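Participant: Sharing query_25.pdb, PDB, C-alpha atoms and all ligand atoms:
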ATOM      1  CA  MET B  28      84.797  87.373 123.147  1.00  0.00           C
ATOM      2  CA  CYS B  29      85.974  86.802 119.591  1.00  0.00           C
ATOM      3  CA  ILE B  30      87.528  89.534 117.458  1.00  0.00           C
ATOM      4  CA  PHE B  31      86.192  88.056 114.195  1.00  0.00           C
ATOM      5  CA  CYS B  32      82.641  87.807 115.609  1.00  0.00           C
ATOM      6  CA  ASP B  33      82.994  91.504 116.538  1.00  0.00           C
ATOM      7  CA  ILE B  34      84.039  92.261 112.952  1.00  0.00           C
ATOM      8  CA  ILE B  35      81.123  90.210 111.552  1.00  0.00           C
ATOM      9  CA  GLU B  36      78.711  92.075 113.849  1.00  0.00           C
ATOM     10  CA  GLY B  37      80.183  95.423 112.743  1.00  0.00           C
ATOM     11  CA  LYS B  38      81.496  96.308 116.215  1.00  0.00           C
ATOM     12  CA  ILE B  39      85.053  96.507 114.850  1.00  0.00           C
ATOM     13  CA  PRO B  40      85.731  98.064 111.429  1.00  0.00           C
ATOM     14  CA  SER B  41      87.164  95.973 108.618  1.00  0.00           C
ATOM     15  CA  TYR B  42      87.865  96.164 104.897  1.00  0.00           C
ATOM     16  CA  LYS B  43      85.265  93.858 103.346  1.00  0.00           C
ATOM     17  CA  VAL B  44      86.290  92.117 100.150  1.00  0.00           C
ATOM     18  CA  TYR B  45      83.184  89.898  99.923  1.00  0.00           C
ATOM     19  CA  GLU B  46      80.058  89.224 101.959  1.00  0.00           C
ATOM     20  CA  ASP B  47      77.030  86.976 101.675  1.00  0.00           C
ATOM     21  CA  GLU B  48      74.555  85.553 104.172  1.00  0.00           C
ATOM     22  CA  ASP B  49      77.011  83.017 105.585  1.00  0.00           C
ATOM     23  CA  VAL B  50      80.538  84.096 104.703  1.00  0.00           C
ATOM     24  CA  LEU B  51      82.657  87.228 105.087  1.00  0.00           C
ATOM     25  CA  ALA B  52      86.023  87.998 103.500  1.00  0.00           C
ATOM     26  CA  ILE B  53      88.158  90.878 104.771  1.00  0.00           C
ATOM     27  CA  LEU B  54      91.632  92.243 104.197  1.00  0.00           C
ATOM     28  CA  ASP B  55      94.113  90.847 106.708  1.00  0.00           C
ATOM     29  CA  VAL B  56      95.589  93.816 108.616  1.00  0.00           C
ATOM     30  CA  SER B  57      99.064  92.323 108.295  1.00  0.00           C
ATOM     31  CA  GLN B  58      99.000  92.212 104.422  1.00  0.00           C
ATOM     32  CA  VAL B  59     101.795  89.639 104.307  1.00  0.00           C
ATOM     33  CA  THR B  60     101.559  90.255 100.587  1.00  0.00           C
ATOM     34  CA  TYR B  61      99.468  92.835  98.725  1.00  0.00           C
ATOM     35  CA  GLY B  62      95.835  91.662  98.743  1.00  0.00           C
ATOM     36  CA  HIS B  63      96.171  89.151 101.630  1.00  0.00           C
ATOM     37  CA  THR B  64      92.560  88.246 102.454  1.00  0.00           C
ATOM     38  CA  LEU B  65      90.805  86.222 105.163  1.00  0.00           C
ATOM     39  CA  VAL B  66      87.677  84.168 104.405  1.00  0.00           C
ATOM     40  CA  MET B  67      85.553  83.207 107.418  1.00  0.00           C
ATOM     41  CA  PRO B  68      82.101  81.782 108.176  1.00  0.00           C
ATOM     42  CA  LYS B  69      79.761  84.205 109.938  1.00  0.00           C
ATOM     43  CA  LYS B  70      78.811  81.432 112.333  1.00  0.00           C
ATOM     44  CA  HIS B  71      81.372  81.159 115.123  1.00  0.00           C
ATOM     45  CA  VAL B  72      83.273  77.898 114.997  1.00  0.00           C
ATOM     46  CA  GLU B  73      86.751  77.526 116.410  1.00  0.00           C
ATOM     47  CA  ASN B  74      88.539  75.662 113.644  1.00  0.00           C
ATOM     48  CA  ILE B  75      88.156  73.312 110.670  1.00  0.00           C
ATOM     49  CA  VAL B  76      88.076  70.194 112.846  1.00  0.00           C
ATOM     50  CA  GLU B  77      85.103  71.585 114.783  1.00  0.00           C
ATOM     51  CA  ALA B  78      83.268  72.888 111.706  1.00  0.00           C
ATOM     52  CA  ASP B  79      80.299  71.127 110.064  1.00  0.00           C
ATOM     53  CA  GLU B  80      80.456  70.132 106.400  1.00  0.00           C
ATOM     54  CA  GLU B  81      78.052  72.828 105.231  1.00  0.00           C
ATOM     55  CA  THR B  82      80.100  75.607 106.806  1.00  0.00           C
ATOM     56  CA  ILE B  83      83.303  74.311 105.206  1.00  0.00           C
ATOM     57  CA  GLU B  84      81.583  73.974 101.818  1.00  0.00           C
ATOM     58  CA  LYS B  85      80.295  77.542 101.952  1.00  0.00           C
ATOM     59  CA  CYS B  86      83.784  78.822 102.739  1.00  0.00           C
ATOM     60  CA  ALA B  87      85.353  76.661 100.025  1.00  0.00           C
ATOM     61  CA  LYS B  88      83.048  78.150  97.413  1.00  0.00           C
ATOM     62  CA  VAL B  89      84.074  81.681  98.363  1.00  0.00           C
ATOM     63  CA  ILE B  90      87.772  80.729  98.545  1.00  0.00           C
ATOM     64  CA  GLY B  91      87.538  79.408  94.979  1.00  0.00           C
ATOM     65  CA  LYS B  92      85.775  82.513  93.688  1.00  0.00           C
ATOM     66  CA  LEU B  93      88.024  85.009  95.485  1.00  0.00           C
ATOM     67  CA  SER B  94      91.309  83.263  94.660  1.00  0.00           C
ATOM     68  CA  LYS B  95      90.556  83.740  90.978  1.00  0.00           C
ATOM     69  CA  GLN B  96      89.386  87.329  91.483  1.00  0.00           C
ATOM     70  CA  ILE B  97      92.307  88.368  93.685  1.00  0.00           C
ATOM     71  CA  VAL B  98      95.016  86.811  91.508  1.00  0.00           C
ATOM     72  CA  LYS B  99      93.476  88.382  88.413  1.00  0.00           C
ATOM     73  CA  LYS B 100      92.979  91.858  89.896  1.00  0.00           C
ATOM     74  CA  THR B 101      96.377  92.095  91.603  1.00  0.00           C
ATOM     75  CA  GLY B 102      98.397  90.618  88.776  1.00  0.00           C
ATOM     76  CA  ALA B 103      99.818  88.024  91.184  1.00  0.00           C
ATOM     77  CA  VAL B 104     101.398  84.965  89.600  1.00  0.00           C
ATOM     78  CA  GLY B 105      99.948  82.502  92.123  1.00  0.00           C
ATOM     79  CA  CYS B 106      98.603  82.256  95.647  1.00  0.00           C
ATOM     80  CA  ASN B 107      98.721  80.209  98.839  1.00  0.00           C
ATOM     81  CA  ILE B 108      95.541  79.108 100.580  1.00  0.00           C
ATOM     82  CA  LEU B 109      96.321  78.600 104.248  1.00  0.00           C
ATOM     83  CA  ASN B 110      94.358  77.419 107.261  1.00  0.00           C
ATOM     84  CA  ASN B 111      96.036  77.241 110.664  1.00  0.00           C
ATOM     85  CA  CYS B 112      94.161  74.796 112.899  1.00  0.00           C
ATOM     86  CA  GLY B 113      95.118  74.974 116.557  1.00  0.00           C
ATOM     87  CA  GLU B 114      97.840  76.918 118.309  1.00  0.00           C
ATOM     88  CA  VAL B 115     100.348  74.199 117.431  1.00  0.00           C
ATOM     89  CA  ALA B 116      99.757  75.082 113.773  1.00  0.00           C
ATOM     90  CA  GLY B 117     100.013  78.819 114.391  1.00  0.00           C
ATOM     91  CA  GLN B 118      96.324  79.710 114.835  1.00  0.00           C
ATOM     92  CA  THR B 119      96.092  82.965 116.781  1.00  0.00           C
ATOM     93  CA  VAL B 120      92.438  83.902 116.203  1.00  0.00           C
ATOM     94  CA  HIS B 121      90.151  81.085 117.281  1.00  0.00           C
ATOM     95  CA  HIS B 122      87.393  81.634 114.734  1.00  0.00           C
ATOM     96  CA  LEU B 123      87.766  79.503 111.591  1.00  0.00           C
ATOM     97  CA  HIS B 124      89.375  81.435 108.745  1.00  0.00           C
ATOM     98  CA  PHE B 125      91.304  80.755 105.570  1.00  0.00           C
ATOM     99  CA  HIS B 126      94.112  82.967 104.299  1.00  0.00           C
ATOM    100  CA  ILE B 127      94.305  83.801 100.598  1.00  0.00           C
ATOM    101  CA  ILE B 128      97.850  85.041 100.077  1.00  0.00           C
ATOM    102  CA  PRO B 129      98.632  86.299  96.579  1.00  0.00           C
ATOM    103  CA  ARG B 130     102.189  85.487  95.490  1.00  0.00           C
ATOM    104  CA  TYR B 131     104.293  87.749  93.342  1.00  0.00           C
ATOM    105  CA  SER B 132     107.678  86.079  93.663  1.00  0.00           C
ATOM    106  CA  GLU B 133     109.391  83.234  95.507  1.00  0.00           C
ATOM    107  CA  ASN B 134     111.208  85.892  97.506  1.00  0.00           C
ATOM    108  CA  ASP B 135     108.202  87.718  98.913  1.00  0.00           C
ATOM    109  CA  ALA B 136     107.398  87.693 102.652  1.00  0.00           C
ATOM    110  CA  VAL B 137     105.980  84.155 102.780  1.00  0.00           C
ATOM    111  CA  GLU B 138     107.989  81.045 103.555  1.00  0.00           C
ATOM    112  CA  PHE B 139     106.645  77.493 103.869  1.00  0.00           C
ATOM    113  CA  LYS B 140     109.352  74.954 104.382  1.00  0.00           C
ATOM    114  CA  PHE B 141     109.081  71.220 105.064  1.00  0.00           C
ATOM    115  CA  LYS B 142     112.111  70.083 107.018  1.00  0.00           C
ATOM    116  CA  GLU B 143     113.581  66.656 106.485  1.00  0.00           C
ATOM    117  CA  SER B 144     111.473  64.213 108.481  1.00  0.00           C
ATOM    118  CA  LYS B 145     111.340  60.601 109.570  1.00  0.00           C
ATOM    119  CA  LYS B 146     110.458  58.106 106.787  1.00  0.00           C
ATOM    120  CA  GLN B 147     107.068  56.459 107.299  1.00  0.00           C
ATOM    121  CA  ASP B 148     105.527  53.149 106.297  1.00  0.00           C
ATOM    122  CA  LEU B 149     102.813  54.501 103.985  1.00  0.00           C
ATOM    123  CA  GLU B 150     100.659  51.334 104.230  1.00  0.00           C
ATOM    124  CA  GLU B 151     100.627  51.741 108.000  1.00  0.00           C
ATOM    125  CA  VAL B 152      99.849  55.456 107.740  1.00  0.00           C
ATOM    126  CA  LEU B 153      96.920  54.682 105.426  1.00  0.00           C
ATOM    127  CA  ARG B 154      95.508  52.102 107.873  1.00  0.00           C
ATOM    128  CA  THR B 155      95.645  54.742 110.603  1.00  0.00           C
ATOM    129  CA  LEU B 156      93.888  57.390 108.538  1.00  0.00           C
ATOM    130  CA  LYS B 157      91.015  55.268 107.183  1.00  0.00           C
TER     131      LYS B 157
HETATM  132  P1  LIG W 201      95.981  82.968 112.217  1.00  0.00           P
HETATM  133  O1  LIG W 201      97.408  83.075 112.707  1.00  0.00           O
HETATM  134  O2  LIG W 201      95.820  81.986 111.105  1.00  0.00           O
HETATM  135  O3  LIG W 201      95.007  82.747 113.360  1.00  0.00           O
HETATM  136  O4  LIG W 201      95.672  84.358 111.530  1.00  0.00           O
HETATM  137  C1  LIG W 201      95.039  85.431 112.157  1.00  0.00           C
HETATM  138  C2  LIG W 201      95.166  86.602 111.223  1.00  0.00           C
HETATM  139  O5  LIG W 201      94.216  87.575 111.594  1.00  0.00           O
HETATM  140  C3  LIG W 201      96.551  87.286 111.251  1.00  0.00           C
HETATM  141  O6  LIG W 201      97.153  87.214 109.972  1.00  0.00           O
HETATM  142  C4  LIG W 201      96.218  88.725 111.656  1.00  0.00           C
HETATM  143  O7  LIG W 201      96.986  89.671 110.964  1.00  0.00           O
HETATM  144  C5  LIG W 201      94.739  88.834 111.302  1.00  0.00           C
HETATM  145  N1  LIG W 201      93.982  89.815 112.085  1.00  0.00           N
HETATM  146  C6  LIG W 201      93.963  89.942 113.429  1.00  0.00           C
HETATM  147  N2  LIG W 201      93.131  90.931 113.792  1.00  0.00           N
HETATM  148  C7  LIG W 201      92.603  91.429 112.643  1.00  0.00           C
HETATM  149  C8  LIG W 201      91.671  92.474 112.344  1.00  0.00           C
HETATM  150  N3  LIG W 201      91.084  93.211 113.307  1.00  0.00           N
HETATM  151  N4  LIG W 201      91.359  92.712 111.037  1.00  0.00           N
HETATM  152  C9  LIG W 201      91.935  91.969 110.059  1.00  0.00           C
HETATM  153  N5  LIG W 201      92.808  90.975 110.278  1.00  0.00           N
HETATM  154  C10 LIG W 201      93.151  90.713 111.540  1.00  0.00           C
HETATM  155 ZN    ZN W 202      83.948  84.215 116.444  1.00  0.00          ZN
END
Any chance you could put this one into structure tokens?
Facilitator:
Amino acid sequence: MCIFCDIIEGKIPSYKVYEDEDVLAILDVSQVTYGHTLVMPKKHVENIVEADEETIEKCAKVIGKLSKQIVKKTGAVGCNILNNCGEVAGQTVHHLHFHIIPRYSENDAVEFKFKESKKQDLEEVLRTLK
């Protein structure tokens, strides 16, 4: 059972911002900021690591289109695009989704903070990633 699949199938009501054959965008119930929207593929896939390229591309296209639309319509001065992948990263609903969070001020309800971390050998990191 997946709450977003239930929304996509119309079993649970939602506030639809955008819909096409493959992608749905709805208002996040929490509205961290005014206009906070979730973009998700209609096909159930748990997270971005599990998703195929086509699914990610379809979502990316909608994220691009809606970011512009939402910032323009709300009068926001910027936005954060956020994907939580895995519980360790804060994912609570295990159906791939991307948050579009319009930003109105640095003091609104969103806080992303990188703490001071261990210095890394960037050459070594690159070898690991490639
Ligand atoms: P995440 O922590 O990235 O998995 O985000 C899940 C998001 O889904 C949270 O911001 C919730 O507020 C939102 N959410 C949960 N249930 C619903 C629902 N029925 N309709 C809209 N948004 C929801
Ligand atoms: Zn699902």
Participant: Could you tell me which of B:Ile108, B:Leu51, B:Val120, B:Ala87 comes closest to ligand ZN 202 (chain W) if we count all atoms listed in the file?
Facilitator: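 Once distances to ligand ZN 202 (chain W) are computed over all atoms listed in the file, the minimum belongs to B:Val120.
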Participant: Have a look at B:Ile34, B:Val115, B:Leu153, B:Leu123 and name the one nearest to Val66 in chain B; count only C-alpha atoms.
Facilitator: B:Leu123
Participant: Record the distance separating CA of Ser57 in chain B and atom P1 of ligand LIG 201 (chain W), expressed in Å with one decimal.
Facilitator: 10.6 Å
Participant: Between B:Thr119, B:Thr82, B:Asn134, B:Ser144, which residue has the minimum interatomic distance to ligand LIG 201 (chain W), considering only C-alpha atoms and all ligand atoms?
Facilitator: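 For ligand LIG 201 (chain W), the nearest of the candidates is B:Thr119.
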Participant: Applied to the shown file, which residues does the PyMOL selection byres (((not hetatm)) within 8 of (chain W and resi 202)) return, written as a list in words?
Facilitator: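 With the shown file as input, the PyMOL selection byres (((not hetatm)) within 8 of (chain W and resi 202)) matches Met28, Cys29, Ile30, Phe31, Cys32, Asp33, Lys69, Lys70, His71, Val72, Glu73, His121, His122 and Leu123 of chain B.
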Participant: Around ligand LIG 201 (chain W), with edges along x, y and z and 4 Å added on all six sides, what centre and edge lengths do you get, in Å to one decimal, as JSON?
Facilitator:
{"center_x": 94.2, "center_y": 87.6, "center_z": 111.9, "size_x": 14.3, "size_y": 19.2, "size_z": 11.8}
Participant: Within 10 Å of ligand LIG 201 (chain W), which residues of chain B show up? Give each one with its shortest atom-to-atom distance in Å (one decimal) and the two atoms involved, counting only C-alpha atoms and all ligand atoms, rows by chain then rising residue number, as JSON lines.
Facilitator:
{"residue": "B:Ile30", "atom": "CA", "partner": "W:LIG201", "partner_atom": "N3", "distance": 6.6}
{"residue": "B:Phe31", "atom": "CA", "partner": "W:LIG201", "partner_atom": "N3", "distance": 7.2}
{"residue": "B:Asp33", "atom": "CA", "partner": "W:LIG201", "partner_atom": "N3", "distance": 8.9}
{"residue": "B:Ile34", "atom": "CA", "partner": "W:LIG201", "partner_atom": "N3", "distance": 7.1}
{"residue": "B:Ile39", "atom": "CA", "partner": "W:LIG201", "partner_atom": "N3", "distance": 7.0}
{"residue": "B:Pro40", "atom": "CA", "partner": "W:LIG201", "partner_atom": "N3", "distance": 7.5}
{"residue": "B:Ser41", "atom": "CA", "partner": "W:LIG201", "partner_atom": "N4", "distance": 5.8}
{"residue": "B:Tyr42", "atom": "CA", "partner": "W:LIG201", "partner_atom": "C9", "distance": 7.8}
{"residue": "B:Lys43", "atom": "CA", "partner": "W:LIG201", "partner_atom": "C9", "distance": 9.6}
{"residue": "B:Ala52", "atom": "CA", "partner": "W:LIG201", "partner_atom": "C9", "distance": 9.7}
{"residue": "B:Ile53", "atom": "CA", "partner": "W:LIG201", "partner_atom": "C9", "distance": 6.6}
{"residue": "B:Leu54", "atom": "CA", "partner": "W:LIG201", "partner_atom": "C9", "distance": 5.9}
{"residue": "B:Asp55", "atom": "CA", "partner": "W:LIG201", "partner_atom": "N5", "distance": 3.8}
{"residue": "B:Val56", "atom": "CA", "partner": "W:LIG201", "partner_atom": "N5", "distance": 4.3}
{"residue": "B:Ser57", "atom": "CA", "partner": "W:LIG201", "partner_atom": "O7", "distance": 4.3}
{"residue": "B:Gln58", "atom": "CA", "partner": "W:LIG201", "partner_atom": "O7", "distance": 7.3}
{"residue": "B:Val59", "atom": "CA", "partner": "W:LIG201", "partner_atom": "O6", "distance": 7.7}
{"residue": "B:His63", "atom": "CA", "partner": "W:LIG201", "partner_atom": "O6", "distance": 8.6}
{"residue": "B:Thr64", "atom": "CA", "partner": "W:LIG201", "partner_atom": "N5", "distance": 8.3}
{"residue": "B:Leu65", "atom": "CA", "partner": "W:LIG201", "partner_atom": "N5", "distance": 7.3}
{"residue": "B:Asn74", "atom": "CA", "partner": "W:LIG201", "partner_atom": "O3", "distance": 9.6}
{"residue": "B:Leu109", "atom": "CA", "partner": "W:LIG201", "partner_atom": "O2", "distance": 7.7}
{"residue": "B:Asn110", "atom": "CA", "partner": "W:LIG201", "partner_atom": "O2", "distance": 6.1}
{"residue": "B:Asn111", "atom": "CA", "partner": "W:LIG201", "partner_atom": "O2", "distance": 4.8}
{"residue": "B:Cys112", "atom": "CA", "partner": "W:LIG201", "partner_atom": "O2", "distance": 7.6}
{"residue": "B:Gly113", "atom": "CA", "partner": "W:LIG201", "partner_atom": "O3", "distance": 8.4}
{"residue": "B:Glu114", "atom": "CA", "partner": "W:LIG201", "partner_atom": "O3", "distance": 8.2}
{"residue": "B:Ala116", "atom": "CA", "partner": "W:LIG201", "partner_atom": "O2", "distance": 8.4}
{"residue": "B:Gly117", "atom": "CA", "partner": "W:LIG201", "partner_atom": "O1", "distance": 5.3}
{"residue": "B:Gln118", "atom": "CA", "partner": "W:LIG201", "partner_atom": "O3", "distance": 3.6}
{"residue": "B:Thr119", "atom": "CA", "partner": "W:LIG201", "partner_atom": "O3", "distance": 3.6}
{"residue": "B:Val120", "atom": "CA", "partner": "W:LIG201", "partner_atom": "O3", "distance": 4.0}
{"residue": "B:His121", "atom": "CA", "partner": "W:LIG201", "partner_atom": "O3", "distance": 6.5}
{"residue": "B:His122", "atom": "CA", "partner": "W:LIG201", "partner_atom": "O3", "distance": 7.8}
{"residue": "B:Leu123", "atom": "CA", "partner": "W:LIG201", "partner_atom": "O3", "distance": 8.1}
{"residue": "B:His124", "atom": "CA", "partner": "W:LIG201", "partner_atom": "O2", "distance": 6.9}
{"residue": "B:Phe125", "atom": "CA", "partner": "W:LIG201", "partner_atom": "O2", "distance": 7.2}
{"residue": "B:His126", "atom": "CA", "partner": "W:LIG201", "partner_atom": "O2", "distance": 7.1}
Participant: Env of Ser132 in chain B: 10 Å cut, atoms = only C-alpha atoms, seq-sep filter 3 positions within chain, self excluded. Answer as a PyMOL selection string.
Facilitator: chain B and resi 103-105+129+135-137
Participant: Grab the CA of Asp79 in chain B to CA of Ile35 in chain B distance for me, in Å with one decimal place.
Facilitator: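 Going from CA of Asp79 in chain B over to CA of Ile35 in chain B covers 19.2 Å.
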